[in-house]
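Student: Please find data-v9.tsv (TSV, C-alpha atoms) on the next line:
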chain	number	residue	atom	x	y	z
A	1	MET	CA	98.67	-100.60	97.94
A	2	VAL	CA	100.11	-97.98	100.24
A	3	GLU	CA	102.91	-95.56	99.46
A	4	LEU	CA	104.67	-92.40	100.58
A	5	THR	CA	106.15	-90.27	97.83
A	6	GLU	CA	108.18	-87.09	97.55
A	7	GLY	CA	107.16	-86.69	93.94
A	8	LYS	CA	104.05	-85.08	92.54
A	9	ILE	CA	100.98	-87.34	92.79
A	10	SER	CA	99.70	-88.49	89.40
A	11	ILE	CA	95.95	-89.02	89.50
A	12	GLU	CA	96.07	-91.09	86.30
A	13	GLN	CA	98.57	-93.42	87.93
A	14	VAL	CA	96.45	-93.74	91.08
A	15	LEU	CA	93.39	-94.64	89.00
A	16	ALA	CA	95.38	-97.14	86.92
A	17	GLN	CA	96.30	-98.94	90.12
A	18	VAL	CA	92.65	-99.65	90.96
A	19	GLU	CA	91.78	-100.91	87.47
A	20	ASP	CA	89.47	-103.89	88.01
A	21	HIS	CA	86.76	-105.11	85.67
A	22	SER	CA	84.61	-106.42	88.51
A	23	ALA	CA	84.58	-102.99	90.17
A	24	GLY	CA	81.90	-100.79	88.68
A	25	ALA	CA	82.52	-97.99	91.17
A	26	VAL	CA	85.67	-96.05	91.92
A	27	VAL	CA	85.78	-93.36	94.57
A	28	LEU	CA	88.80	-91.07	94.46
A	29	PHE	CA	89.55	-88.69	97.32
A	30	LEU	CA	92.19	-85.99	96.94
A	31	GLY	CA	93.45	-83.83	99.78
A	32	ARG	CA	95.01	-80.56	98.59
A	33	VAL	CA	96.99	-77.76	100.18
A	34	ARG	CA	94.46	-75.13	101.22
A	35	ASP	CA	95.14	-71.40	101.43
A	36	HIS	CA	94.02	-71.00	105.05
A	37	ALA	CA	94.31	-72.74	108.40
A	38	GLU	CA	92.76	-71.59	111.67
A	39	GLY	CA	92.32	-68.05	110.33
A	40	ARG	CA	95.84	-67.74	108.94
A	41	GLN	CA	96.69	-67.29	105.29
A	42	VAL	CA	98.73	-70.28	104.17
A	43	ASN	CA	101.13	-70.25	101.20
A	44	ALA	CA	102.66	-73.70	101.36
A	45	MET	CA	103.05	-76.79	103.52
A	46	ASP	CA	105.79	-79.17	104.54
A	47	TYR	CA	104.67	-82.73	105.17
A	48	GLU	CA	106.81	-84.99	107.30
A	49	ALA	CA	106.20	-88.68	108.00
A	50	TYR	CA	107.60	-91.35	110.26
A	51	PRO	CA	107.96	-93.51	107.18
A	52	GLN	CA	108.12	-97.09	108.47
A	53	MET	CA	105.30	-96.57	110.93
A	54	ALA	CA	103.17	-94.47	108.57
A	55	LEU	CA	103.32	-97.22	105.94
A	56	ARG	CA	102.43	-99.80	108.55
A	57	LYS	CA	99.42	-97.78	109.73
A	58	MET	CA	98.33	-97.19	106.13
A	59	GLN	CA	98.58	-100.92	105.46
A	60	GLU	CA	96.36	-101.55	108.50
A	61	ILE	CA	93.75	-99.22	106.99
A	62	GLU	CA	93.84	-101.14	103.71
A	63	THR	CA	93.44	-104.42	105.59
A	64	ALA	CA	90.53	-103.05	107.66
A	65	VAL	CA	88.79	-101.69	104.55
A	66	LYS	CA	89.09	-104.99	102.69
A	67	LYS	CA	87.70	-106.83	105.69
A	68	ARG	CA	84.63	-104.57	105.97
A	69	TRP	CA	83.75	-103.87	102.35
A	70	PRO	CA	83.97	-105.78	99.07
A	71	VAL	CA	87.01	-103.82	97.92
A	72	GLU	CA	89.47	-105.64	95.70
A	73	LYS	CA	91.82	-102.79	94.96
A	74	MET	CA	92.67	-99.59	96.75
A	75	VAL	CA	95.42	-97.00	96.90
A	76	LEU	CA	96.50	-94.92	99.86
A	77	LEU	CA	99.18	-92.48	98.78
A	78	HIS	CA	100.58	-89.63	100.86
A	79	ARG	CA	103.08	-87.07	99.73
A	80	THR	CA	105.90	-85.70	101.87
A	81	GLY	CA	108.16	-82.68	101.47
A	82	HIS	CA	107.37	-79.14	100.41
A	83	LEU	CA	103.99	-78.58	98.69
A	84	LYS	CA	102.59	-75.45	97.12
A	85	LEU	CA	98.98	-74.26	97.24
A	86	GLY	CA	96.61	-76.61	95.44
A	87	GLU	CA	99.07	-79.49	95.22
A	88	VAL	CA	97.73	-82.91	96.15
A	89	SER	CA	99.00	-84.13	99.53
A	90	VAL	CA	96.97	-87.32	99.76
A	91	ALA	CA	95.15	-89.55	97.28
A	92	ILE	CA	92.85	-92.41	98.18
A	93	ALA	CA	91.17	-94.55	95.54
A	94	VAL	CA	88.79	-97.38	96.29
A	95	ALA	CA	87.33	-99.75	93.70
A	96	SER	CA	84.28	-101.81	94.53
A	97	PRO	CA	81.45	-103.51	92.59
A	98	HIS	CA	78.93	-100.87	93.79
A	99	ARG	CA	79.08	-97.18	94.69
A	100	LYS	CA	77.68	-97.42	98.22
A	101	ASP	CA	80.56	-99.57	99.42
A	102	ALA	CA	83.11	-97.49	97.52
A	103	PHE	CA	81.89	-94.24	99.14
A	104	GLU	CA	81.77	-95.73	102.62
A	105	ALA	CA	85.17	-97.37	102.31
A	106	GLY	CA	86.77	-94.22	100.89
A	107	ARG	CA	85.34	-92.08	103.68
A	108	PHE	CA	86.52	-94.52	106.32
A	109	ALA	CA	90.00	-94.66	104.76
A	110	ILE	CA	90.64	-90.89	104.77
A	111	ASP	CA	89.04	-90.37	108.20
A	112	THR	CA	91.15	-93.17	109.65
A	113	LEU	CA	94.33	-91.96	107.95
A	114	LYS	CA	93.90	-88.60	109.66
A	115	GLU	CA	93.38	-90.27	113.04
A	116	THR	CA	96.09	-92.92	113.00
A	117	VAL	CA	98.96	-92.27	110.57
A	118	PRO	CA	102.03	-90.47	111.95
A	119	ILE	CA	102.34	-87.60	109.50
A	120	TRP	CA	102.72	-83.90	110.33
A	121	LYS	CA	102.34	-80.71	108.39
A	122	LYS	CA	104.01	-77.37	108.82
A	123	GLU	CA	102.03	-74.40	107.57
A	124	TYR	CA	103.85	-71.51	105.91
A	125	THR	CA	102.33	-68.05	106.09
A	126	VAL	CA	103.79	-64.83	104.67
A	127	ASP	CA	106.07	-64.30	107.64
A	128	SER	CA	106.14	-67.50	109.66
A	129	ALA	CA	106.00	-71.28	109.64
A	130	GLN	CA	104.38	-73.38	112.29
A	131	TRP	CA	103.42	-76.98	112.84
A	132	ALA	CA	99.68	-77.62	112.62
A	133	THR	CA	97.97	-78.14	115.97
A	134	GLY	CA	97.06	-81.71	115.08
A	135	LYS	CA	95.40	-84.26	117.31
A	136	PRO	CA	96.53	-87.21	119.36
A	137	PRO	CA	96.49	-90.42	117.32
A	138	LYS	CA	93.79	-93.00	118.04
A	139	PRO	CA	93.96	-96.76	117.69
A	140	LEU	CA	92.33	-97.95	114.48
A	141	GLU	CA	90.25	-100.53	116.39
A	142	SER	CA	88.38	-97.68	118.10
A	143	LEU	CA	87.24	-96.15	114.80
A	144	LYS	CA	83.95	-97.14	113.23
A	145	PRO	CA	82.51	-96.09	109.89
A	146	LYS	CA	80.47	-92.90	110.11
A	147	GLU	CA	76.70	-93.19	110.55
A	148	LYS	CA	75.02	-93.52	107.21
A	149	ARG	CA	73.14	-90.41	106.19
A	150	GLU	CA	69.52	-90.67	105.13
A	151	ALA	CA	68.88	-89.66	101.55
A	152	PRO	CA	67.10	-86.28	101.39
B	153	MET	CA	120.34	-101.05	128.30
B	154	LYS	CA	120.07	-98.77	125.30
B	155	ILE	CA	117.04	-97.60	123.37
B	156	LYS	CA	116.84	-95.49	120.23
B	157	LEU	CA	114.75	-92.31	120.47
B	158	LYS	CA	113.23	-90.73	117.38
B	159	TYR	CA	111.71	-87.24	117.13
B	160	PHE	CA	109.39	-85.66	114.60
B	161	ALA	CA	107.92	-82.30	113.61
B	162	GLN	CA	108.12	-79.67	116.38
B	163	LEU	CA	110.11	-82.02	118.63
B	164	ARG	CA	112.76	-82.51	115.97
B	165	ASP	CA	112.94	-78.73	115.53
B	166	LEU	CA	113.29	-78.10	119.26
B	167	LEU	CA	115.86	-80.82	119.81
B	168	HIS	CA	117.80	-80.08	116.59
B	169	SER	CA	118.04	-83.81	116.12
B	170	GLU	CA	116.17	-86.71	114.54
B	171	GLU	CA	117.32	-89.44	116.85
B	172	ASN	CA	119.46	-90.26	119.85
B	173	GLU	CA	120.46	-93.23	121.89
B	174	LEU	CA	119.34	-93.24	125.48
B	175	GLU	CA	120.98	-95.34	128.15
B	176	LEU	CA	118.63	-96.71	130.80
B	177	SER	CA	119.84	-98.40	133.98
B	178	SER	CA	117.05	-100.97	133.83
B	179	SER	CA	114.01	-101.97	131.80
B	180	ILE	CA	111.25	-99.43	132.42
B	181	THR	CA	107.71	-98.81	131.16
B	182	VAL	CA	106.60	-96.03	128.85
B	183	LEU	CA	105.05	-94.29	131.85
B	184	GLU	CA	108.37	-94.42	133.70
B	185	LEU	CA	110.18	-93.13	130.63
B	186	MET	CA	108.32	-89.81	130.64
B	187	PRO	CA	110.09	-88.23	133.66
B	188	VAL	CA	113.40	-89.47	132.27
B	189	LEU	CA	112.68	-87.61	129.02
B	190	ALA	CA	111.56	-84.47	130.87
B	191	ASP	CA	114.79	-84.51	132.82
B	192	ARG	CA	116.99	-85.12	129.82
B	193	PHE	CA	115.18	-82.74	127.42
B	194	PRO	CA	113.79	-79.80	129.40
B	195	GLN	CA	113.17	-77.88	126.16
B	196	ILE	CA	110.33	-80.24	125.23
B	197	ARG	CA	108.92	-80.69	128.72
B	198	GLU	CA	105.60	-79.01	127.86
B	199	HIS	CA	105.24	-81.10	124.70
B	200	LEU	CA	105.71	-84.34	126.60
B	201	LYS	CA	102.26	-83.85	128.12
B	202	VAL	CA	100.54	-84.20	124.76
B	203	ILE	CA	102.69	-86.67	122.83
B	204	SER	CA	102.07	-90.33	122.15
B	205	ILE	CA	104.81	-92.91	122.26
B	206	ALA	CA	105.39	-95.55	119.63
B	207	VAL	CA	107.62	-98.54	120.27
B	208	ASN	CA	108.96	-100.37	117.22
B	209	ASN	CA	106.43	-98.70	114.90
B	210	GLU	CA	103.37	-99.40	117.05
B	211	TYR	CA	101.54	-97.06	119.42
B	212	ALA	CA	102.44	-98.05	122.95
B	213	THR	CA	100.46	-97.92	126.17
B	214	LYS	CA	101.66	-96.61	129.52
B	215	ASP	CA	102.42	-100.18	130.57
B	216	THR	CA	104.52	-101.10	127.54
B	217	LEU	CA	107.85	-102.36	128.84
B	218	LEU	CA	110.87	-101.08	126.97
B	219	GLN	CA	113.49	-103.60	125.87
B	220	GLU	CA	117.10	-103.29	124.81
B	221	GLY	CA	117.35	-101.95	121.27
B	222	ASP	CA	113.75	-100.72	121.05
B	223	GLU	CA	113.00	-97.84	118.69
B	224	VAL	CA	110.97	-95.38	120.75
B	225	ALA	CA	109.34	-92.56	118.80
B	226	LEU	CA	107.96	-89.37	120.33
B	227	ILE	CA	104.81	-88.69	118.34
B	228	PRO	CA	103.38	-85.18	118.61
B	229	PRO	CA	99.69	-84.71	117.69
B	230	ILE	CA	99.32	-85.83	114.08
B	231	SER	CA	98.10	-83.68	111.18
B	232	GLY	CA	98.40	-85.72	107.99
B	233	GLY	CA	95.91	-85.79	105.17
Would you write the structure of this file as structure tokens?

Tutor:
Amino acid sequence: MVELTEGKISIEQVLAQVEDHSAGAVVLFLGRVRDHAEGRQVNAMDYEAYPQMALRKMQEIETAVKKRWPVEKMVLLHRTGHLKLGEVSVAIAVASPHRKDAFEAGRFAIDTLKETVPIWKKEYTVDSAQWATGKPPKPLESLKPKEKREAP
Amino acid sequence: MKIKLKYFAQLRDLLHSEENELELSSSITVLELMPVLADRFPQIREHLKVISIAVNNEYATKDTLLQEGDEVALIPPISGG
């Protein structure tokens, strides 16, 4: 399921939504508001979305993940509005029978969200606020899962 | 014909608006829309070079032909996550 929310993200709720007895592995990714950006001290962030389109792009990610990996349940949840340091801005949970698929699918989901979903953040410093530099969106079809890393 | 324009992030700040209607004399492509926008909104002229355009909630190409009633969003570089 995909969702945008103005309320605080509940990790328990996210995990409950991927409850699945056939899935022995759950990967949970959380993105949090960090205290620095491009050398500036950051105190808070505003997140803004183009809601209808963001949800559509998030749904496309879910569809692409379920096509590539044996993932029965997943959550893509992004917060909007004003967030303080350390607050969770994005949560992605992927449940799969085995960990390898869950890790790969989770990585692909967050990477693709950052490349395709129309959401913007404004970074607040002590004396200013400015929109993050960002990057031009890419079509999902052009994105492939990252190369697998060899075990050390 | 009329289209609906939507703005986000820095563009919304600069234009002090979230959306507008734009009257076009004929059906034009996304590529042909760009000089129209630059003319109408000189305050975002520099930004127009780096934005993407979405038509009805889907990223458009330069050749996408705009139709009456389309929702055309000006998408600055994205920074979600």

Student: Restricting the calculation to all atoms listed in the file, which member of B:Ala225, B:Ile230, B:Ala206, B:Ala212 is positioned closest to B:Tyr159?

Tutor: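 That would be B:Ala225, the residue with the smallest distance to B:Tyr159.
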
Student: Quick one: residues within 8 Å of A:Pro136, all atoms listed in the file counted, chain neighbours fewer than 2 positions away excluded, as a list in words?

Tutor: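 The contact residues come out as Glu115, Gly134 and Lys138 of chain A; Val202, Ile203, Ser204, Pro228, Pro229 and Ile230 of chain B.
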
Student: Tell me, in Å to one decimal, how far atom CA of A:Ile9 is from atom CA of A:Leu30.

Tutor: 9.8 Å

Student: Between A:Asp101, A:Asp127, A:Asp46, A:Glu62, which is the closest to chain B once you count only C-alpha atoms?

Tutor: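 Residue with the minimum atom-to-atom distance to chain B: A:Asp46.
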
Student: If we count all atoms listed in the file and set the cut-off at 7 Å, which residues sit around stretch 214-220 of chain B, ignoring sequence neighbours fewer than 2 positions away in its own chain? Please answer as a PyMOL selection string.

Tutor: chain B and resi 153-155+179-183+212+222

Student: Could you state the separation of atom CA of A:Ala93 and atom CA of A:Met74 in Å, given to one decimal place?

Tutor: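 Atom-to-atom, atom CA of A:Ala93 to atom CA of A:Met74, that is 5.4 Å.
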
Student: Rounded to one decimal, what separation in Å do you get between atom CA of A:Met53 and atom CA of B:Gly233?

Tutor: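 Interatomic distance, atom CA of A:Met53 to atom CA of B:Gly233: 15.4 Å.
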
Student: From the list A:Arg68, A:Lys100, A:Glu123, A:Pro139, which residue is nearest A:Gly39 when using only C-alpha atoms?

Tutor: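 That would be A:Glu123, the residue with the smallest distance to A:Gly39.
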
Student: Counting only C-alpha atoms, which residues from chain A have an atom at most 6 Å from any atom of chain B, and could you show them as a PyMOL selection string?

Tutor: chain A and resi 53+90+114+118-121+134-136

Student: Determine, counting all atoms listed in the file, which protein, DNA and RNA residues have an atom within 12 Å of an atom of B:Leu167; residues of the same chain fewer than 2 positions away are not included. Present the result as a list in words.

Tutor: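 What passes the distance filter is Leu157, Lys158, Tyr159, Phe160, Ala161, Gln162, Leu163, Arg164, Asp165, Ser169, Glu170, Glu171, Asn172, Leu189, Arg192, Phe193, Pro194, Gln195, Ile196, Arg197, His199 and Leu226 of chain B.
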
Student: Return the single residue from A:Ser128, A:Lys67, A:Tyr50, A:Lys73 that is closest to B:Val224, with distances computed using only C-alpha atoms.

Tutor: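 Among A:Ser128, A:Lys67, A:Tyr50, A:Lys73, it is A:Tyr50 that comes nearest to B:Val224.
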
Student: Using the file's own x, y and z axes, so that the box edges lie along x, y and z, what centre and edge lengths in Å (one decimal) does a box around every listed atom of stretch 208-224 of chain B get when 5 Å is added on each side? Give it as lines of an AutoDock Vina configuration file.

Tutor:
center_x = 108.9
center_y = -99.5
center_z = 122.7
size_x = 26.9
size_y = 18.2
size_z = 25.7

Student: Counting all atoms listed in the file, figure out which residue out of A:Asn43, A:Thr5, A:Gln52, A:Gln59 gets nearest to A:Lys84.

Tutor: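 Going through A:Asn43, A:Thr5, A:Gln52, A:Gln59 one by one, the smallest distance to A:Lys84 is for A:Asn43.
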
Student: Give as a compact mmCIF listing (two decimals) with C-alpha atoms, keeping the file's coordinate frame each residue that has an atom at most 12 Å from (83.4, -101.6, 91.8) in the file, counting all atoms listed in the file.

Tutor:
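Result file selection-v5.txt:
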# COMPACT_ATOMS: atom_id res chain seq x y z
CA VAL A 18 92.65 -99.65 90.96
CA GLU A 19 91.78 -100.91 87.47
CA ASP A 20 89.47 -103.89 88.01
CA HIS A 21 86.76 -105.11 85.67
CA SER A 22 84.61 -106.42 88.51
CA ALA A 23 84.58 -102.99 90.17
CA GLY A 24 81.90 -100.79 88.68
CA ALA A 25 82.52 -97.99 91.17
CA VAL A 26 85.67 -96.05 91.92
CA VAL A 27 85.78 -93.36 94.57
CA TRP A 69 83.75 -103.87 102.35
CA PRO A 70 83.97 -105.78 99.07
CA VAL A 71 87.01 -103.82 97.92
CA GLU A 72 89.47 -105.64 95.70
CA LYS A 73 91.82 -102.79 94.96
CA MET A 74 92.67 -99.59 96.75
CA ALA A 93 91.17 -94.55 95.54
CA VAL A 94 88.79 -97.38 96.29
CA ALA A 95 87.33 -99.75 93.70
CA SER A 96 84.28 -101.81 94.53
CA PRO A 97 81.45 -103.51 92.59
CA HIS A 98 78.93 -100.87 93.79
CA ARG A 99 79.08 -97.18 94.69
CA LYS A 100 77.68 -97.42 98.22
CA ASP A 101 80.56 -99.57 99.42
CA ALA A 102 83.11 -97.49 97.52
CA PHE A 103 81.89 -94.24 99.14
CA ALA A 105 85.17 -97.37 102.31

Student: Write out as a ChimeraX atom specification each polymer residue whose atoms come within 6 Å of A:Met45, counting all atoms listed in the file; drop sequence neighbours fewer than 3 positions from it.

Tutor: /A:82-83,122-124

Student: Keeping N, CA, C and O atoms (and nothing else), can you write stretch 107-135 of chain A of this structure as a PDB file, in the first residue's frame?

Tutor:
ATOM      1  N   ARG A 107      15.732  -1.734  -1.231  1.00  0.00           N
ATOM      2  CA  ARG A 107      16.718  -0.798  -1.793  1.00  0.00           C
ATOM      3  C   ARG A 107      16.185  -0.167  -3.082  1.00  0.00           C
ATOM      4  O   ARG A 107      16.279   1.035  -3.287  1.00  0.00           O
ATOM      5  N   PHE A 108      15.637  -1.021  -3.935  1.00  0.00           N
ATOM      6  CA  PHE A 108      15.083  -0.526  -5.194  1.00  0.00           C
ATOM      7  C   PHE A 108      13.944   0.466  -4.922  1.00  0.00           C
ATOM      8  O   PHE A 108      13.831   1.512  -5.573  1.00  0.00           O
ATOM      9  N   ALA A 109      13.105   0.155  -3.938  1.00  0.00           N
ATOM     10  CA  ALA A 109      11.941   1.002  -3.660  1.00  0.00           C
ATOM     11  C   ALA A 109      12.361   2.403  -3.201  1.00  0.00           C
ATOM     12  O   ALA A 109      11.857   3.404  -3.705  1.00  0.00           O
ATOM     13  N   ILE A 110      13.300   2.507  -2.277  1.00  0.00           N
ATOM     14  CA  ILE A 110      13.690   3.839  -1.803  1.00  0.00           C
ATOM     15  C   ILE A 110      14.478   4.584  -2.875  1.00  0.00           C
ATOM     16  O   ILE A 110      14.278   5.782  -3.091  1.00  0.00           O
ATOM     17  N   ASP A 111      15.366   3.881  -3.582  1.00  0.00           N
ATOM     18  CA  ASP A 111      16.132   4.545  -4.652  1.00  0.00           C
ATOM     19  C   ASP A 111      15.176   5.101  -5.713  1.00  0.00           C
ATOM     20  O   ASP A 111      15.346   6.222  -6.198  1.00  0.00           O
ATOM     21  N   THR A 112      14.185   4.303  -6.069  1.00  0.00           N
ATOM     22  CA  THR A 112      13.261   4.700  -7.132  1.00  0.00           C
ATOM     23  C   THR A 112      12.338   5.821  -6.662  1.00  0.00           C
ATOM     24  O   THR A 112      12.017   6.735  -7.427  1.00  0.00           O
ATOM     25  N   LEU A 113      11.935   5.754  -5.392  1.00  0.00           N
ATOM     26  CA  LEU A 113      11.110   6.840  -4.845  1.00  0.00           C
ATOM     27  C   LEU A 113      11.840   8.177  -4.990  1.00  0.00           C
ATOM     28  O   LEU A 113      11.261   9.183  -5.420  1.00  0.00           O
ATOM     29  N   LYS A 114      13.122   8.167  -4.670  1.00  0.00           N
ATOM     30  CA  LYS A 114      13.883   9.421  -4.735  1.00  0.00           C
ATOM     31  C   LYS A 114      14.091   9.914  -6.163  1.00  0.00           C
ATOM     32  O   LYS A 114      14.361  11.100  -6.372  1.00  0.00           O
ATOM     33  N   GLU A 115      13.977   9.019  -7.129  1.00  0.00           N
ATOM     34  CA  GLU A 115      14.201   9.394  -8.529  1.00  0.00           C
ATOM     35  C   GLU A 115      12.930   9.744  -9.279  1.00  0.00           C
ATOM     36  O   GLU A 115      12.990  10.344 -10.352  1.00  0.00           O
ATOM     37  N   THR A 116      11.774   9.302  -8.770  1.00  0.00           N
ATOM     38  CA  THR A 116      10.557   9.424  -9.590  1.00  0.00           C
ATOM     39  C   THR A 116       9.381  10.151  -8.937  1.00  0.00           C
ATOM     40  O   THR A 116       8.492  10.615  -9.647  1.00  0.00           O
ATOM     41  N   VAL A 117       9.340  10.214  -7.611  1.00  0.00           N
ATOM     42  CA  VAL A 117       8.109  10.701  -6.958  1.00  0.00           C
ATOM     43  C   VAL A 117       8.178  12.214  -6.725  1.00  0.00           C
ATOM     44  O   VAL A 117       9.144  12.711  -6.126  1.00  0.00           O
ATOM     45  N   PRO A 118       7.176  12.953  -7.217  1.00  0.00           N
ATOM     46  CA  PRO A 118       7.217  14.413  -7.087  1.00  0.00           C
ATOM     47  C   PRO A 118       6.944  14.898  -5.658  1.00  0.00           C
ATOM     48  O   PRO A 118       5.811  15.193  -5.279  1.00  0.00           O
ATOM     49  N   ILE A 119       8.042  14.956  -4.908  1.00  0.00           N
ATOM     50  CA  ILE A 119       8.019  15.466  -3.533  1.00  0.00           C
ATOM     51  C   ILE A 119       9.238  16.380  -3.389  1.00  0.00           C
ATOM     52  O   ILE A 119      10.279  16.122  -3.998  1.00  0.00           O
ATOM     53  N   TRP A 120       9.061  17.452  -2.606  1.00  0.00           N
ATOM     54  CA  TRP A 120      10.143  18.431  -2.442  1.00  0.00           C
ATOM     55  C   TRP A 120      10.341  18.721  -0.967  1.00  0.00           C
ATOM     56  O   TRP A 120       9.383  18.699  -0.198  1.00  0.00           O
ATOM     57  N   LYS A 121      11.583  19.054  -0.616  1.00  0.00           N
ATOM     58  CA  LYS A 121      11.804  19.450   0.778  1.00  0.00           C
ATOM     59  C   LYS A 121      12.478  20.807   0.850  1.00  0.00           C
ATOM     60  O   LYS A 121      13.327  21.152   0.026  1.00  0.00           O
ATOM     61  N   LYS A 122      12.040  21.548   1.854  1.00  0.00           N
ATOM     62  CA  LYS A 122      12.629  22.856   2.127  1.00  0.00           C
ATOM     63  C   LYS A 122      13.408  22.726   3.422  1.00  0.00           C
ATOM     64  O   LYS A 122      12.875  22.239   4.428  1.00  0.00           O
ATOM     65  N   GLU A 123      14.673  23.142   3.370  1.00  0.00           N
ATOM     66  CA  GLU A 123      15.552  22.971   4.524  1.00  0.00           C
ATOM     67  C   GLU A 123      15.637  24.267   5.319  1.00  0.00           C
ATOM     68  O   GLU A 123      15.958  25.324   4.768  1.00  0.00           O
ATOM     69  N   TYR A 124      15.368  24.163   6.615  1.00  0.00           N
ATOM     70  CA  TYR A 124      15.435  25.338   7.493  1.00  0.00           C
ATOM     71  C   TYR A 124      16.767  25.353   8.229  1.00  0.00           C
ATOM     72  O   TYR A 124      17.122  24.374   8.886  1.00  0.00           O
ATOM     73  N   THR A 125      17.487  26.468   8.109  1.00  0.00           N
ATOM     74  CA  THR A 125      18.694  26.653   8.910  1.00  0.00           C
ATOM     75  C   THR A 125      18.366  27.709   9.962  1.00  0.00           C
ATOM     76  O   THR A 125      17.222  28.161  10.054  1.00  0.00           O
ATOM     77  N   VAL A 126      19.359  28.115  10.741  1.00  0.00           N
ATOM     78  CA  VAL A 126      19.109  29.092  11.807  1.00  0.00           C
ATOM     79  C   VAL A 126      18.460  30.360  11.245  1.00  0.00           C
ATOM     80  O   VAL A 126      17.527  30.898  11.823  1.00  0.00           O
ATOM     81  N   ASP A 127      18.958  30.819  10.111  1.00  0.00           N
ATOM     82  CA  ASP A 127      18.487  32.124   9.630  1.00  0.00           C
ATOM     83  C   ASP A 127      17.870  32.096   8.232  1.00  0.00           C
ATOM     84  O   ASP A 127      17.604  33.153   7.657  1.00  0.00           O
ATOM     85  N   SER A 128      17.664  30.931   7.668  1.00  0.00           N
ATOM     86  CA  SER A 128      17.079  30.929   6.324  1.00  0.00           C
ATOM     87  C   SER A 128      16.323  29.632   6.058  1.00  0.00           C
ATOM     88  O   SER A 128      16.375  28.682   6.843  1.00  0.00           O
ATOM     89  N   ALA A 129      15.629  29.621   4.947  1.00  0.00           N
ATOM     90  CA  ALA A 129      14.944  28.402   4.500  1.00  0.00           C
ATOM     91  C   ALA A 129      15.118  28.338   3.001  1.00  0.00           C
ATOM     92  O   ALA A 129      14.908  29.329   2.303  1.00  0.00           O
ATOM     93  N   GLN A 130      15.541  27.187   2.512  1.00  0.00           N
ATOM     94  CA  GLN A 130      15.646  27.085   1.060  1.00  0.00           C
ATOM     95  C   GLN A 130      15.301  25.693   0.570  1.00  0.00           C
ATOM     96  O   GLN A 130      15.490  24.700   1.269  1.00  0.00           O
ATOM     97  N   TRP A 131      14.758  25.645  -0.638  1.00  0.00           N
ATOM     98  CA  TRP A 131      14.385  24.363  -1.228  1.00  0.00           C
ATOM     99  C   TRP A 131      15.646  23.590  -1.580  1.00  0.00           C
ATOM    100  O   TRP A 131      16.612  24.160  -2.086  1.00  0.00           O
ATOM    101  N   ALA A 132      15.642  22.303  -1.292  1.00  0.00           N
ATOM    102  CA  ALA A 132      16.791  21.449  -1.606  1.00  0.00           C
ATOM    103  C   ALA A 132      17.046  21.483  -3.109  1.00  0.00           C
ATOM    104  O   ALA A 132      16.114  21.670  -3.900  1.00  0.00           O
ATOM    105  N   THR A 133      18.320  21.304  -3.472  1.00  0.00           N
ATOM    106  CA  THR A 133      18.684  21.367  -4.895  1.00  0.00           C
ATOM    107  C   THR A 133      17.888  20.352  -5.713  1.00  0.00           C
ATOM    108  O   THR A 133      17.368  20.686  -6.774  1.00  0.00           O
ATOM    109  N   GLY A 134      17.810  19.131  -5.225  1.00  0.00           N
ATOM    110  CA  GLY A 134      17.022  18.113  -5.909  1.00  0.00           C
ATOM    111  C   GLY A 134      17.628  17.664  -7.217  1.00  0.00           C
ATOM    112  O   GLY A 134      18.714  18.110  -7.598  1.00  0.00           O
ATOM    113  N   LYS A 135      16.917  16.753  -7.883  1.00  0.00           N
ATOM    114  CA  LYS A 135      17.373  16.320  -9.200  1.00  0.00           C
ATOM    115  C   LYS A 135      16.189  16.059 -10.106  1.00  0.00           C
ATOM    116  O   LYS A 135      15.094  15.732  -9.637  1.00  0.00           O
TER     117      LYS A 135
END
